[in-house]
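Just below is one structure, and these are the notes that go with it.
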Protein chains: 2
Amino acid sequence: MRKDDRNLYLSNVAVEEALGLFFQKIRQSNELVKIEYIEAIAALGRVTALPVFARLSSPNYNASAMDGIAVRAEATYGASERNPLQLKKHQDYITVDTGDPIFEPYTAVIMIEDVVEIDEETVEIIQAAAPWQHIRPIGEDIVAKEMILPAKHRIRPMDIGALLSGGITEIAVYRKPTVGIMPTGSEIIEPYETMEIGKIIESNSRIFEGLVIELGGRPKRYRPVPDDYGSLKNQILEAIAENDILIVNAGSSAGSEDYTVKLIRELGEVLVHGIATKPGKPTILGFIQGKPVLGIPGYPVSAYFVFDTFAKPLIHYYLGQPLPVRPSVKAVLSKRTVSSLKHREYIQVKLGQVEGQFIATPLNRGAGVTMSLVRADGILVIPQNSEGVEAGEAVNIELLKPLEVIERTLVSIGSHDLIMDLIANHMHDREDGYDLSSAHVGSLGGIMAIKRGEAHLAPIHLLDESTGEYNVSFVKRYLPGGKMSLIKGVKRIQGFIVQKGNPKNIKDFTDLQRADIQFVNRQRGAGTRILTDYELSKRNIEPESISGYDREMTTHMAVAAAVASGTAHVGVGVLSAAQALDLDFIPIGEEAYDFVTYSKYLNTPGVRTFIQVLQSKALQEELAVLGGYKFEDTGKVIEIL
Amino acid sequence: MRKDDRNLYLSNVAVEEALGLFFQKIRQSNELVKIEYIEAIAALGRVTALPVFARLSSPNYNASAMDGIAVRAEATYGASERNPLQLKKHQDYITVDTGDPIFEPYTAVIMIEDVVEIDEETVEIIQAAAPWQHIRPIGEDIVAKEMILPAKHRIRPMDIGALLSGGITEIAVYRKPTVGIMPTGSEIIEPYETMEIGKIIESNSRIFEGLVIELGGRPKRYRPVPDDYGSLKNQILEAIAENDILIVNAGSSAGSEDYTVKLIRELGEVLVHGIATKPGKPTILGFIQGKPVLGIPGYPVSAYFVFDTFAKPLIHYYLGQPLPVRPSVKAVLSKRTVSSLKHREYIQVKLGQVEGQFIATPLNRGAGVTMSLVRADGILVIPQNSEGVEAGEAVNIELLKPLEVIERTLVSIGSHDLIMDLIANHMHDREDGYDLSSAHVGSLGGIMAIKRGEAHLAPIHLLDESTGEYNVSFVKRYLPGGKMSLIKGVKRIQGFIVQKGNPKNIKDFTDLQRADIQFVNRQRGAGTRILTDYELSKRNIEPESISGYDREMTTHMAVAAAVASGTAHVGVGVLSAAQALDLDFIPIGEEAYDFVTYSKYLNTPGVRTFIQVLQSKALQEELAVLGGYKFEDTGKVIEIL
């Protein structure tokens, strides 16, 4: 490859250095941050550019604080239960409602509950009034010229109330920065376009749009621009003219179609190309016509973190806000997590609160996995020059969800089944909504997670080859001590997932040895893998004789997807996965898919809710539609002694 | 008063009971909560009404994860540094970019960095490729038919990305409930109308608007309706027809103009009138034409808490969201706070973190003080049947601001001066923005707050009558032990604040005894009060001889406001307060307004920032405009031994 064509030489600039270079340049320009005047009633979420001082006092007169009568305080002295005092209307008192002005000669208000009506013109009181009682003095709330809000204050609903009460109808705020969002790449299509092989639905720009709105900016998204020098150049020039900040998405890696860095250099200046983070390395920070331009890589997870690292503080800067700090929580890392010395790594984690302690479990680190952004509860940042974190180490996790939500999350780690999605939905759908977080590491992985205290429950389907019985013996062996319970789940049918019409005519495990058959396997420790290995050994079939035995997938759906895509002809999995992708299914047998938990968790609200959903008619009806499931003792709890 | 006219008999229903009655009725109607279908790209902040399952897998084909070359894995076996392998274009490999589809016969990708170009048609590799390396298998991110989002999920930017990647362009969400907001009252005016005595600027509806938007509803605000039976009835009927929920503001107390409860009863049903909370008692919960109606009292603080207690869960219900839980923090209460056994009390507090512990200081409990809503950091809820909380007790404070903001707040408790507003603004305006929270309890109150550990610093101006010196001797007496420092502030001029033109011709303290003079005083412990008492005792003037000596205000501005409103002729205060309200000022003398702090705080970022602002040119220029201040050793630190 010609190196100059492919921009191979990305530098490896540390985040702090890159931010420093970028913001130094931004601060040098005084014209980037702009102020505008807006109506106070439309100011929700905006940020004051100047302090706001009250124009009027509130109340603006001495006002009755009660419904009652206004009196001269000194005219009531001496009144008591023994010596009630009668007052005459218009002579000694007037009737007032809350908010009515109190004028001379009246100096106190007696509330209506303390007044006895004698006749239309006469009332009686049995207690003297203290001067100024129940009168809101002028300026009790706000005194004219006092500061209502400082500069750089993000306006909340109550602030608008105070502004109006202080006689303010217009305020100076930071203008919302407009952020141009320019997706590029000949392979990307709009969501409503027809999907073809080699095409990717453009979605990053929509994530950016949402983030810009949430941060208080104004997004302007452009239609995807193909990898063509002329089109890109024209679109960049148009977008720079129309926006305060420009984000060019993708086209920032070293690919042959990547014109972004060349164009920014041609039209302006590149400050940084390549930062020392993972994901996010091929980031570009530059300026065109005095406006900041960010080249953000195309993988969704990279895109998210690069936006978060550079675009977010930039938008905050335009809005006069300090660098944001994410709330964080102390947690224990459940898995050894290695990291490169060369990069700062951002690792998405699931958090579970197990017995008062937060356990962080790293998610799939693939930069292309949008769903990890959806599932993540927090971020573990491993600094540059660190080799990683050991299992059991205390770590600081930056939160992506409110702690209250995480505290209401039941953590399941273990075998995968579509039933977990359905249960998660029903648990969330209740009024006392609970989240169910499911990680798929196979049955044995689930048992180990329970042992390490990472999870509340583990779905397992483990065949004891000596007894033919499921699950119980594994719990006794790996989690001894009698503190465990098994929540009975469902019986499900396992079988061969094959292409529609079974073109390879697969009938039995012996077919897997055929030269024309490409198999796809599950990972070690998965119940389905144990079943597969059991069936193979029964037939004395050597794994080496099966092409694709080493290709391991972590879920039934991933196996089905491999078959559907034609990269494999057969895999072992459940009926529901085959049906979901419109594949054929050859049953092998029935197995018990149950849930192991500590007996002490059985009475926690999360596990109780889980069992209720498991036994619900709604869930059983949904599973009947999917097919391949049987209900026997579902939800029954068996204590493992 | 005729009792039936004034709806005197409010009941006293506990909050849980009121919520129970209200929601029981709401749940009985299945038609209140509605679903609509919207575009996924416009779904930010909306709530899924149904679970969303992927339509397409992502990627939808086996895709190269790298820029590089696609090869048959088995054709690379044996390649090593010692034994480099040459590959021919189109025969052994093809060039691929990230995202390109990988078709048969290719089964692996080698990244460009690991490929040496020999010529246009030949490359060399020194390592074998493992099967499927650097290939993103179909469904790596999302597998078709998998659940992307459960029902009742509030959509975030990344969720939109996942929906689009899964081929979803439209989703079912809960329709935003429209909330009619109807301000009532003949005394209220719109912000742009001319202020007159007896008029109040309508602001609650704007607070409600903001809260409804923040909660995900759609507010529809109506123009204020006068207290007139016919107008109110017509407006209620119109608003009920146009909205899902109706809020009628004010008109829910026992005032003679309060038609609200009668109209709700006439047009529908009143479930609750009067709840056992303070503030918020005269709340109405009812139904008209099957839609919920809330009668919310008029005082801003009451209005806020009633909205929070009843309207907020209602909007959440329409959006399928569980009852919200505010984050909270453990704190120590700084002041004894009594509460009625009859009511649940909501008490707004300021929070300060002093040496790692949060200290909660109750704010003014006036229901009419909008500014307390602006200033509050949290809420202390004192349950019904509790007599209150003692100083020093541990309490749970529900947070109104993020904890990170509260942690960056410097807490000042003590004497009041306009300089505190200006310093607060400058501290907030910096890039490393700090909040300055100021409570005004007088100089001695400030010293006591420091002693109790409630504050970081206390502004004081205390004259030692025996030496004529300011502040130092008080610190030595009340905070002995040599751990304190005094940060020198400003010299400021105290004097008589009198009406414009000094119509009562006040020249000296002896004038205060005149029968035609109404005085307004400061509270005990205020430096200005000590100065006043010192000057009076020097002249042997008895306090009893001064009319209004007992009327105590807690700030200079409140004293000025009393003079400006004509309820007093004279008070003692600073020039800036007189000037702010366009009053005249007769100087008495100059005093030292300094700040006492623990020496150990001097190097904390908050106090350092405070001193920097105090010494800044910008602040000095602003004070020069106000007048009445001198700078001598400002910002200098004196250790008190």
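Labeling convention for the structure tokens: chains A, B, ... as they appear, residues from 1 per chain, ligands from 1 in order of appearance.
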Do a neighbour search on Arg55 of chain A at 10 Å with only C-alpha atoms, toss out local chain neighbours closer than 5 positions, and write the hits as a CSV table (one decimal) with C-alpha atoms, in the first residue's frame.
```
chain,number,residue,atom,x,y,z
A,142,ILE,CA,-37.1,39.6,46.2
A,143,VAL,CA,-35.8,43.1,46.8
A,144,ALA,CA,-35.2,45.3,43.7
A,145,LYS,CA,-31.5,45.4,42.6
A,146,GLU,CA,-30.7,42.1,44.3
A,147,MET,CA,-29.1,39.4,42.2
A,148,ILE,CA,-31.6,36.7,41.2
A,163,LEU,CA,-37.1,36.1,37.1
A,164,LEU,CA,-40.7,37.0,36.4
A,165,SER,CA,-41.4,37.8,40.1
A,166,GLY,CA,-38.4,40.2,40.0
A,167,GLY,CA,-39.9,42.0,37.0
A,168,ILE,CA,-37.5,40.5,34.5
A,169,THR,CA,-38.9,39.7,31.1
```
(Q) I'd like the neighbourhood of Leu341 of chain A as a list in words, where a residue qualifies if any of its atoms comes within 8 Å (using only C-alpha atoms), though same-chain residues fewer than 2 positions away should be ignored. (A)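 Close residues of Leu341 of chain A: Ser339, His343, Arg344, Gln384, Asn385, Ser386 and Glu387 of chain A.
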Saved selection, atoms kept: C-alpha atoms, as a JSON list (two decimals), in the first residue's frame:
```json
[["chain", "number", "residue", "atom", "x", "y", "z"],
["A", 339, "SER", "CA", -5.06, -2.73, 28.67],
["A", 343, "HIS", "CA", -3.65, 4.01, 25.18],
["A", 344, "ARG", "CA", -6.14, 5.28, 27.65],
["A", 384, "GLN", "CA", -2.41, 5.29, 29.59],
["A", 385, "ASN", "CA", 0.68, 3.52, 30.97],
["A", 386, "SER", "CA", -1.43, 1.02, 32.89],
["A", 387, "GLU", "CA", -1.41, -2.65, 31.94]]
```
Q.
At a cut-off of 7 Å, using only C-alpha atoms, what residues contact Tyr598 of chain A? Leave out same-chain residues fewer than 2 positions from it and give the result as a list of chain:residue names.
A.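 The contact residues come out as A:Lys483, A:Met484, A:Ser485, A:Lys600, A:Tyr601.
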Take the residues from that selection and write them out as a PDB file, in the first residue's frame, keeping all heavy atoms.
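Full text of part.pdb as output:
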```pdb
ATOM      1  N   LYS A 483     -26.420 -23.273  50.573  1.00  0.00           N
ATOM      2  CA  LYS A 483     -27.037 -21.954  50.657  1.00  0.00           C
ATOM      3  C   LYS A 483     -27.745 -21.565  49.365  1.00  0.00           C
ATOM      4  O   LYS A 483     -28.185 -20.438  49.215  1.00  0.00           O
ATOM      5  CB  LYS A 483     -25.958 -20.903  50.958  1.00  0.00           C
ATOM      6  CG  LYS A 483     -25.359 -21.034  52.342  1.00  0.00           C
ATOM      7  CD  LYS A 483     -24.186 -20.082  52.478  1.00  0.00           C
ATOM      8  CE  LYS A 483     -23.530 -20.244  53.834  1.00  0.00           C
ATOM      9  NZ  LYS A 483     -22.214 -19.587  53.851  1.00  0.00           N
ATOM     10  N   MET A 484     -27.820 -22.506  48.425  1.00  0.00           N
ATOM     11  CA  MET A 484     -28.325 -22.162  47.101  1.00  0.00           C
ATOM     12  C   MET A 484     -29.735 -22.690  46.873  1.00  0.00           C
ATOM     13  O   MET A 484     -30.164 -23.653  47.507  1.00  0.00           O
ATOM     14  CB  MET A 484     -27.416 -22.754  46.015  1.00  0.00           C
ATOM     15  CG  MET A 484     -25.929 -22.512  46.194  1.00  0.00           C
ATOM     16  SD  MET A 484     -25.515 -20.766  46.429  1.00  0.00           S
ATOM     17  CE  MET A 484     -26.067 -20.088  44.867  1.00  0.00           C
ATOM     18  N   SER A 485     -30.422 -22.042  45.957  1.00  0.00           N
ATOM     19  CA  SER A 485     -31.718 -22.538  45.494  1.00  0.00           C
ATOM     20  C   SER A 485     -31.739 -22.536  43.977  1.00  0.00           C
ATOM     21  O   SER A 485     -31.024 -21.760  43.333  1.00  0.00           O
ATOM     22  CB  SER A 485     -32.855 -21.665  46.023  1.00  0.00           C
ATOM     23  OG  SER A 485     -33.022 -21.858  47.409  1.00  0.00           O
ATOM     24  N   LYS A 600     -30.805 -16.721  50.094  1.00  0.00           N
ATOM     25  CA  LYS A 600     -31.067 -15.455  50.796  1.00  0.00           C
ATOM     26  C   LYS A 600     -31.633 -14.383  49.855  1.00  0.00           C
ATOM     27  O   LYS A 600     -32.214 -13.408  50.300  1.00  0.00           O
ATOM     28  CB  LYS A 600     -29.786 -14.951  51.463  1.00  0.00           C
ATOM     29  CG  LYS A 600     -28.691 -14.595  50.480  1.00  0.00           C
ATOM     30  CD  LYS A 600     -27.379 -14.250  51.182  1.00  0.00           C
ATOM     31  CE  LYS A 600     -26.271 -14.153  50.128  1.00  0.00           C
ATOM     32  NZ  LYS A 600     -24.945 -14.104  50.706  1.00  0.00           N
ATOM     33  N   TYR A 601     -31.439 -14.543  48.541  1.00  0.00           N
ATOM     34  CA  TYR A 601     -31.973 -13.548  47.610  1.00  0.00           C
ATOM     35  C   TYR A 601     -33.440 -13.774  47.280  1.00  0.00           C
ATOM     36  O   TYR A 601     -34.080 -12.922  46.661  1.00  0.00           O
ATOM     37  CB  TYR A 601     -31.202 -13.557  46.276  1.00  0.00           C
ATOM     38  CG  TYR A 601     -29.773 -13.110  46.364  1.00  0.00           C
ATOM     39  CD1 TYR A 601     -28.845 -13.512  45.398  1.00  0.00           C
ATOM     40  CD2 TYR A 601     -29.338 -12.270  47.384  1.00  0.00           C
ATOM     41  CE1 TYR A 601     -27.530 -13.114  45.460  1.00  0.00           C
ATOM     42  CE2 TYR A 601     -28.018 -11.867  47.460  1.00  0.00           C
ATOM     43  CZ  TYR A 601     -27.113 -12.296  46.488  1.00  0.00           C
ATOM     44  OH  TYR A 601     -25.819 -11.893  46.551  1.00  0.00           O
TER      45      TYR A 601
END
```
Q.
Just to confirm, what's the straight-line distance from atom CA of Gly280 of chain B to atom CA of Ile207 of chain B in Å (one decimal)?
A.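 We find that atom CA of Gly280 of chain B and atom CA of Ile207 of chain B lie 15.9 Å from each other.
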Q. With only C-alpha atoms as the basis for distance, which of A:Tyr593, A:Phe358, A:Tyr192, A:Tyr629 is at the shortest distance from chain B?
A.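 Closest candidate: A:Tyr192.
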Q.
Which residues are close to segment 68-76 of chain A, i.e. within 9 Å by only C-alpha atoms, leaving aside same-chain residues fewer than 2 positions away? Reply as a VMD selection string.
A. (chain A and resid 64 66 78 to 79 85 87 92 to 98 102 104 to 115 125 127 to 133) or (chain B and resid 255)
